[in-house]
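Visitor: Pasting my_file28.cif here (mmCIF, C-alpha atoms and all ligand atoms):
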```cif
data_coords
loop_
_atom_site.label_atom_id
_atom_site.label_comp_id
_atom_site.auth_asym_id
_atom_site.auth_seq_id
_atom_site.Cartn_x
_atom_site.Cartn_y
_atom_site.Cartn_z
CA MET P 1 92.35 121.21 77.85
CA LYS P 2 92.84 117.42 77.76
CA TYR P 3 89.89 115.08 78.18
CA VAL P 4 90.69 111.55 79.38
CA VAL P 5 88.28 108.68 80.04
CA ILE P 6 89.32 106.00 82.53
CA PHE P 7 87.33 102.89 81.81
CA GLY P 8 87.02 99.34 83.09
CA PRO P 9 84.83 96.94 85.04
CA PRO P 10 83.92 97.55 88.69
CA GLY P 11 86.99 96.91 90.84
CA SER P 12 89.47 97.51 88.00
CA GLY P 13 91.10 100.43 89.85
CA LYS P 14 89.58 103.43 88.06
CA GLY P 15 89.29 105.50 91.27
CA THR P 16 92.77 104.58 92.51
CA GLN P 17 94.45 105.39 89.20
CA SER P 18 92.36 108.59 88.80
CA ASP P 19 93.82 109.87 92.08
CA LYS P 20 97.34 109.30 90.77
CA ILE P 21 96.56 110.94 87.42
CA ILE P 22 95.10 113.99 89.20
CA GLU P 23 98.20 114.26 91.38
CA LYS P 24 100.64 114.06 88.46
CA TYR P 25 98.76 115.94 85.74
CA GLY P 26 96.55 118.33 87.74
CA TYR P 27 93.35 117.25 86.01
CA ALA P 28 89.87 117.79 87.42
CA HIS P 29 88.06 114.57 88.36
CA ILE P 30 84.49 113.71 87.43
CA SER P 31 83.27 110.43 88.90
CA THR P 32 79.58 109.90 88.15
CA GLY P 33 79.45 107.26 90.91
CA ASP P 34 80.73 109.83 93.47
CA VAL P 35 78.30 112.48 92.23
CA LEU P 36 75.42 110.00 92.55
CA ARG P 37 76.48 108.94 96.07
CA ASP P 38 76.54 112.64 97.06
CA GLU P 39 73.03 113.05 95.66
CA ILE P 40 71.91 110.01 97.67
CA SER P 41 73.48 111.38 100.88
CA ALA P 42 71.77 114.73 100.29
CA ASN P 43 68.50 112.85 99.68
CA THR P 44 67.72 114.80 96.48
CA GLU P 45 65.10 113.66 93.99
CA LEU P 46 67.89 112.52 91.64
CA GLY P 47 69.57 110.65 94.50
CA GLN P 48 66.38 108.85 95.43
CA LYS P 49 65.74 107.83 91.81
CA ALA P 50 69.36 106.75 91.26
CA ASN P 51 69.44 104.68 94.43
CA THR P 52 66.70 102.36 93.14
CA PHE P 53 69.13 101.29 90.37
CA ILE P 54 72.43 101.46 92.25
CA LYS P 55 71.37 99.16 95.08
CA ASP P 56 70.67 96.38 92.53
CA GLY P 57 73.85 96.98 90.54
CA GLN P 58 71.92 98.31 87.52
CA LEU P 59 72.83 101.38 85.49
CA VAL P 60 71.07 104.66 86.21
CA PRO P 61 69.15 105.63 83.02
CA ASP P 62 71.13 107.53 80.38
CA ASP P 63 68.92 110.66 80.38
CA LEU P 64 69.46 111.25 84.11
CA ILE P 65 73.21 110.62 83.87
CA ILE P 66 73.73 112.80 80.78
CA LYS P 67 71.86 115.76 82.36
CA MET P 68 73.85 115.34 85.58
CA LEU P 69 77.15 115.15 83.70
CA ALA P 70 76.40 118.35 81.73
CA VAL P 71 75.82 120.25 85.00
CA THR P 72 78.99 118.80 86.58
CA LEU P 73 81.07 119.65 83.51
CA ASP P 74 79.79 123.26 83.55
CA ASP P 75 80.89 123.57 87.19
CA ILE P 76 84.46 122.47 86.46
CA LYS P 77 86.97 125.28 86.86
CA ALA P 78 89.62 125.62 84.14
CA LYS P 79 92.35 123.06 84.77
CA ASN P 80 94.87 121.23 82.59
CA GLY P 81 92.29 118.63 81.79
CA VAL P 82 89.43 116.48 82.99
CA ILE P 83 89.39 112.80 83.85
CA PHE P 84 86.05 111.04 83.47
CA ASP P 85 85.78 108.07 85.83
CA GLY P 86 82.85 105.66 85.53
CA PHE P 87 81.45 107.60 82.58
CA PRO P 88 80.58 106.86 79.78
CA ARG P 89 79.06 103.47 80.62
CA THR P 90 76.89 103.06 77.51
CA THR P 91 77.33 103.96 73.85
CA PRO P 92 74.63 106.70 74.03
CA GLN P 93 76.59 108.24 76.94
CA ALA P 94 79.79 108.15 74.84
CA GLU P 95 77.97 109.88 71.98
CA ALA P 96 76.50 112.50 74.36
CA LEU P 97 79.94 113.17 75.85
CA GLN P 98 81.39 113.71 72.39
CA THR P 99 78.62 116.21 71.56
CA MET P 100 79.13 118.09 74.85
CA LEU P 101 82.91 118.30 74.39
CA LYS P 102 82.63 119.34 70.73
CA LYS P 103 80.54 122.33 71.90
CA ARG P 104 83.53 123.23 74.09
CA GLY P 105 85.91 122.81 71.17
CA GLY P 106 87.34 119.52 72.44
CA ASP P 107 86.97 115.77 72.29
CA VAL P 108 88.14 112.75 74.29
CA ASP P 109 91.90 112.66 73.69
CA THR P 110 92.64 109.36 75.39
CA MET P 111 90.59 106.42 76.61
CA LEU P 112 92.38 104.18 79.12
CA SER P 113 90.75 100.77 79.50
CA LEU P 114 91.90 98.86 82.61
CA GLU P 115 91.96 95.11 81.96
CA VAL P 116 91.54 92.83 85.00
CA PRO P 117 90.33 89.19 85.15
CA LYS P 118 86.91 88.61 86.75
CA GLU P 119 88.14 86.56 89.75
CA GLU P 120 90.46 89.41 90.69
CA LEU P 121 87.62 91.96 90.41
CA VAL P 122 85.44 89.97 92.81
CA THR P 123 88.29 89.55 95.32
CA ARG P 124 89.09 93.28 95.25
CA LEU P 125 85.46 94.40 95.61
CA ILE P 126 84.74 92.02 98.49
CA GLU P 127 87.88 93.37 100.19
CA ARG P 128 86.81 96.99 99.50
CA GLY P 129 83.34 96.21 100.88
CA LYS P 130 84.86 95.61 104.33
CA SER P 131 85.60 99.34 104.65
CA SER P 132 83.76 101.19 101.86
CA ASN P 133 80.29 101.20 103.47
CA ARG P 134 78.99 100.94 99.93
CA ALA P 135 75.67 99.10 99.73
CA ASP P 136 76.68 97.67 96.34
CA ASP P 137 79.99 96.06 97.44
CA ASN P 138 78.48 92.69 98.37
CA LEU P 139 78.77 89.46 96.39
CA LYS P 140 75.22 89.42 94.95
CA VAL P 141 75.38 93.02 93.68
CA ILE P 142 79.04 92.65 92.57
CA GLU P 143 78.01 89.75 90.29
CA ALA P 144 75.18 91.89 88.86
CA ARG P 145 77.51 94.86 88.27
CA ILE P 146 80.04 92.70 86.40
CA LEU P 147 77.26 91.25 84.24
CA VAL P 148 75.91 94.75 83.48
CA TYR P 149 79.46 95.83 82.60
CA ASN P 150 79.90 92.94 80.15
CA GLU P 151 76.51 93.44 78.52
CA GLN P 152 75.99 97.22 78.48
CA THR P 153 79.33 98.91 79.14
CA ALA P 154 81.96 96.80 77.33
CA PRO P 155 80.56 97.89 73.89
CA VAL P 156 81.77 101.44 74.69
CA MET P 157 85.27 100.11 73.86
CA ASP P 158 84.25 99.76 70.20
CA PHE P 159 83.20 103.43 70.11
CA TYR P 160 86.69 104.56 71.17
CA LYS P 161 88.44 101.97 69.00
CA LYS P 162 86.67 103.54 66.02
CA GLU P 163 87.69 107.02 67.25
CA GLY P 164 91.32 105.79 67.50
CA THR P 165 91.69 106.87 71.15
CA PHE P 166 91.39 103.43 72.85
CA HIS P 167 94.34 102.19 74.94
CA GLY P 168 94.20 98.83 76.75
CA ILE P 169 96.10 98.92 80.07
CA LYS P 170 97.06 95.74 81.95
CA GLY P 171 95.33 96.40 85.29
CA ILE P 172 97.10 93.85 87.48
CA GLY P 173 100.33 94.19 89.47
CA SER P 174 101.21 96.97 91.89
CA ILE P 175 99.38 100.30 91.82
CA ASP P 176 102.62 102.00 90.72
CA ASP P 177 103.28 99.45 87.96
CA ILE P 178 99.81 100.05 86.57
CA PHE P 179 100.27 103.80 86.84
CA GLY P 180 103.57 103.47 84.97
CA ARG P 181 101.67 101.90 82.05
CA ILE P 182 99.23 104.83 82.12
CA VAL P 183 102.04 107.40 82.14
CA GLU P 184 103.52 105.71 79.05
CA VAL P 185 100.28 106.53 77.25
CA LEU P 186 99.57 110.00 78.70
CA GLY P 187 103.20 111.11 78.34
P1 LIG S 1 80.85 103.50 90.45
O1 LIG S 1 81.14 104.26 91.69
O2 LIG S 1 81.41 104.12 89.21
O3 LIG S 1 81.19 102.03 90.57
O4 LIG S 1 79.24 103.56 90.26
C1 LIG S 1 78.36 102.99 91.21
C2 LIG S 1 76.97 102.83 90.60
O5 LIG S 1 76.47 104.12 90.19
C3 LIG S 1 76.92 101.98 89.34
O6 LIG S 1 76.81 100.59 89.64
C4 LIG S 1 75.65 102.52 88.66
O7 LIG S 1 74.49 102.02 89.29
C5 LIG S 1 75.75 104.00 88.97
N1 LIG S 1 76.48 104.75 87.93
C6 LIG S 1 77.68 105.40 88.07
N2 LIG S 1 78.07 105.97 86.91
C7 LIG S 1 77.10 105.66 86.01
C8 LIG S 1 76.92 105.92 84.62
N3 LIG S 1 77.85 106.62 83.92
N4 LIG S 1 75.81 105.43 84.02
C9 LIG S 1 74.88 104.74 84.70
N5 LIG S 1 74.98 104.43 86.01
C10 LIG S 1 76.08 104.89 86.66
#
```
Reformat the file's structure so that it appears as structure tokens.
Guide:
Amino acid sequence: MKYVVIFGPPGSGKGTQSDKIIEKYGYAHISTGDVLRDEISANTELGQKANTFIKDGQLVPDDLIIKMLAVTLDDIKAKNGVIFDGFPRTTPQAEALQTMLKKRGGDVDTMLSLEVPKEELVTRLIERGKSSNRADDNLKVIEARILVYNEQTAPVMDFYKKEGTFHGIKGIGSIDDIFGRIVEVLG
């Protein structure tokens, strides 16, 4: 079982590239953002709590996310691997993931970090906002999400650099070009 983290700022293409990875490698997909949006749609207690953070572009607290991730991971049927998309977003989340995977006899094998300049992120997210119906794809919240990424999420890169699993991926160009760079790493 391979465990891969796809990482990067909002709008860097994590979801798009995850779809291509799933198609080629047959991995299961865990997107904490998708799980949270499902909880919001179902109007659960977790969804209601999470929404108070998501609508302002802030991170949902680590304890809620880590509990939710453990449940999601337990539900995953045996596949070739798992791709974590939008998780971990803080160093405590990265540490919790490592503990959870160690219990399953694994660890993160590869961390793919999509690198995209800020102006391009804003352009992509504004464009996505025209059709995504996501309450957080508007300029004010986009700016907040990028700031939160730089302050709270970017340090996660150091965790994986120390682990020796970090791979920077140039995240601009065509979707297929970017995927080609990912395939070079995943083999
Ligand atoms: P995403 O779909 O990954 O862009 O996530 C949308 C929003 O959900 C984020 O802006 C956060 O508010 C929340 N969220 C998703 N994943 C996490 C996570 N791992 N930790 C904290 N908040 C998260």
Visitor: Within 8 Å of ligand LIG 1 (chain S), counting all atoms listed in the file, which protein or nucleic acid residues do you find, written as a PyMOL selection string?
Guide: chain P and resi 10-11+31-34+36-37+50-51+53-62+65+85-90+93+136+145
Visitor: What lies within 12 Å of Met157 in chain P using all atoms listed in the file, ignoring chain neighbours under 5 positions off, as a list in words?
Guide: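 So, after excluding close chain neighbours, the residues are Val5, Ile6, Phe7, Gly8, Pro9, Pro88, Arg89, Thr90, Thr91, Ala94, Thr110, Met111, Leu112, Ser113, Leu114, Glu115, Tyr149, Asn150, Glu151, Gln152, Lys162, Glu163, Gly164, Thr165, Phe166, His167 and Gly168 of chain P.
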Visitor: So how many Å separate CA of Ile40 in chain P and CA of Ala135 in chain P, to one decimal?
Guide: 11.7 Å
Visitor: From the options P:Ala154, P:Arg134, P:Lys161, P:Lys79, which residue's atoms come nearest to Ser41 in chain P, counting only C-alpha atoms?
Guide: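 Among P:Ala154, P:Arg134, P:Lys161, P:Lys79, it is P:Arg134 that comes nearest to Ser41 in chain P.
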Visitor: Which residue gives the smallest distance to Ser12 in chain P among P:Glu120, P:Asp158, P:Asp137, P:Asp109, with only C-alpha atoms counted?
Guide: P:Glu120
Visitor: Could you check the closest approach to Leu139 in chain P for each of P:Gly81, P:Pro155, P:Val122, P:Val185 and tell me which residue wins, using all atoms listed in the file?
Guide: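 Of P:Gly81, P:Pro155, P:Val122, P:Val185, the one nearest Leu139 in chain P, counting all atoms listed in the file, is P:Val122.
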Visitor: How many Å separate CA of Ala28 in chain P from CA of Lys102 in chain P?
Guide: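 So the answer is 18.3 Å.
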Visitor: Can you put N, CA and C atoms back into range 101-124 of chain P and show it as an mmCIF file, in the coordinates of the input?
Guide:
```
data_model
loop_
_atom_site.group_PDB
_atom_site.id
_atom_site.type_symbol
_atom_site.label_atom_id
_atom_site.label_comp_id
_atom_site.auth_asym_id
_atom_site.auth_seq_id
_atom_site.Cartn_x
_atom_site.Cartn_y
_atom_site.Cartn_z
ATOM 1 N N LEU P 101 81.523 117.810 74.476
ATOM 2 C CA LEU P 101 82.910 118.300 74.390
ATOM 3 C C LEU P 101 83.132 119.066 73.094
ATOM 4 N N LYS P 102 82.482 118.624 72.021
ATOM 5 C CA LYS P 102 82.630 119.340 70.730
ATOM 6 C C LYS P 102 82.153 120.775 70.880
ATOM 7 N N LYS P 103 81.063 120.962 71.660
ATOM 8 C CA LYS P 103 80.540 122.330 71.900
ATOM 9 C C LYS P 103 81.591 123.180 72.615
ATOM 10 N N ARG P 104 82.454 122.517 73.380
ATOM 11 C CA ARG P 104 83.530 123.230 74.090
ATOM 12 C C ARG P 104 84.821 123.251 73.280
ATOM 13 N N GLY P 105 84.729 122.804 72.039
ATOM 14 C CA GLY P 105 85.910 122.810 71.170
ATOM 15 C C GLY P 105 86.895 121.706 71.476
ATOM 16 N N GLY P 106 86.441 120.630 72.120
ATOM 17 C CA GLY P 106 87.340 119.520 72.440
ATOM 18 C C GLY P 106 86.760 118.172 72.067
ATOM 19 N N ASP P 107 87.455 117.139 72.489
ATOM 20 C CA ASP P 107 86.970 115.770 72.290
ATOM 21 C C ASP P 107 87.763 114.897 73.267
ATOM 22 N N VAL P 108 87.346 113.646 73.435
ATOM 23 C CA VAL P 108 88.140 112.750 74.290
ATOM 24 C C VAL P 108 89.475 112.506 73.597
ATOM 25 N N ASP P 109 90.567 112.843 74.280
ATOM 26 C CA ASP P 109 91.900 112.660 73.690
ATOM 27 C C ASP P 109 92.392 111.241 73.878
ATOM 28 N N THR P 110 92.111 110.674 75.059
ATOM 29 C CA THR P 110 92.640 109.360 75.390
ATOM 30 C C THR P 110 91.616 108.574 76.197
ATOM 31 N N MET P 111 91.434 107.314 75.827
ATOM 32 C CA MET P 111 90.590 106.420 76.610
ATOM 33 C C MET P 111 91.477 105.311 77.129
ATOM 34 N N LEU P 112 91.539 105.198 78.470
ATOM 35 C CA LEU P 112 92.380 104.180 79.120
ATOM 36 C C LEU P 112 91.464 103.078 79.626
ATOM 37 N N SER P 113 91.638 101.872 79.125
ATOM 38 C CA SER P 113 90.750 100.770 79.500
ATOM 39 C C SER P 113 91.518 99.775 80.376
ATOM 40 N N LEU P 114 91.191 99.747 81.663
ATOM 41 C CA LEU P 114 91.900 98.860 82.610
ATOM 42 C C LEU P 114 91.389 97.430 82.440
ATOM 43 N N GLU P 115 92.333 96.502 82.220
ATOM 44 C CA GLU P 115 91.960 95.110 81.960
ATOM 45 C C GLU P 115 92.347 94.227 83.136
ATOM 46 N N VAL P 116 91.330 93.640 83.792
ATOM 47 C CA VAL P 116 91.540 92.830 85.000
ATOM 48 C C VAL P 116 90.631 91.595 84.920
ATOM 49 N N PRO P 117 91.171 90.388 85.209
ATOM 50 C CA PRO P 117 90.330 89.190 85.150
ATOM 51 C C PRO P 117 89.215 89.209 86.206
ATOM 52 N N LYS P 118 88.097 88.543 85.885
ATOM 53 C CA LYS P 118 86.910 88.610 86.750
ATOM 54 C C LYS P 118 87.177 88.169 88.187
ATOM 55 N N GLU P 119 87.919 87.060 88.381
ATOM 56 C CA GLU P 119 88.140 86.560 89.750
ATOM 57 C C GLU P 119 88.810 87.633 90.608
ATOM 58 N N GLU P 120 89.743 88.352 89.980
ATOM 59 C CA GLU P 120 90.460 89.410 90.690
ATOM 60 C C GLU P 120 89.512 90.570 91.041
ATOM 61 N N LEU P 121 88.587 90.880 90.148
ATOM 62 C CA LEU P 121 87.620 91.960 90.410
ATOM 63 C C LEU P 121 86.794 91.629 91.652
ATOM 64 N N VAL P 122 86.299 90.379 91.697
ATOM 65 C CA VAL P 122 85.440 89.970 92.810
ATOM 66 C C VAL P 122 86.233 90.032 94.110
ATOM 67 N N THR P 123 87.462 89.519 94.110
ATOM 68 C CA THR P 123 88.290 89.550 95.320
ATOM 69 C C THR P 123 88.496 90.988 95.795
ATOM 70 N N ARG P 124 88.841 91.885 94.862
ATOM 71 C CA ARG P 124 89.090 93.280 95.250
ATOM 72 C C ARG P 124 87.834 93.941 95.811
#
```
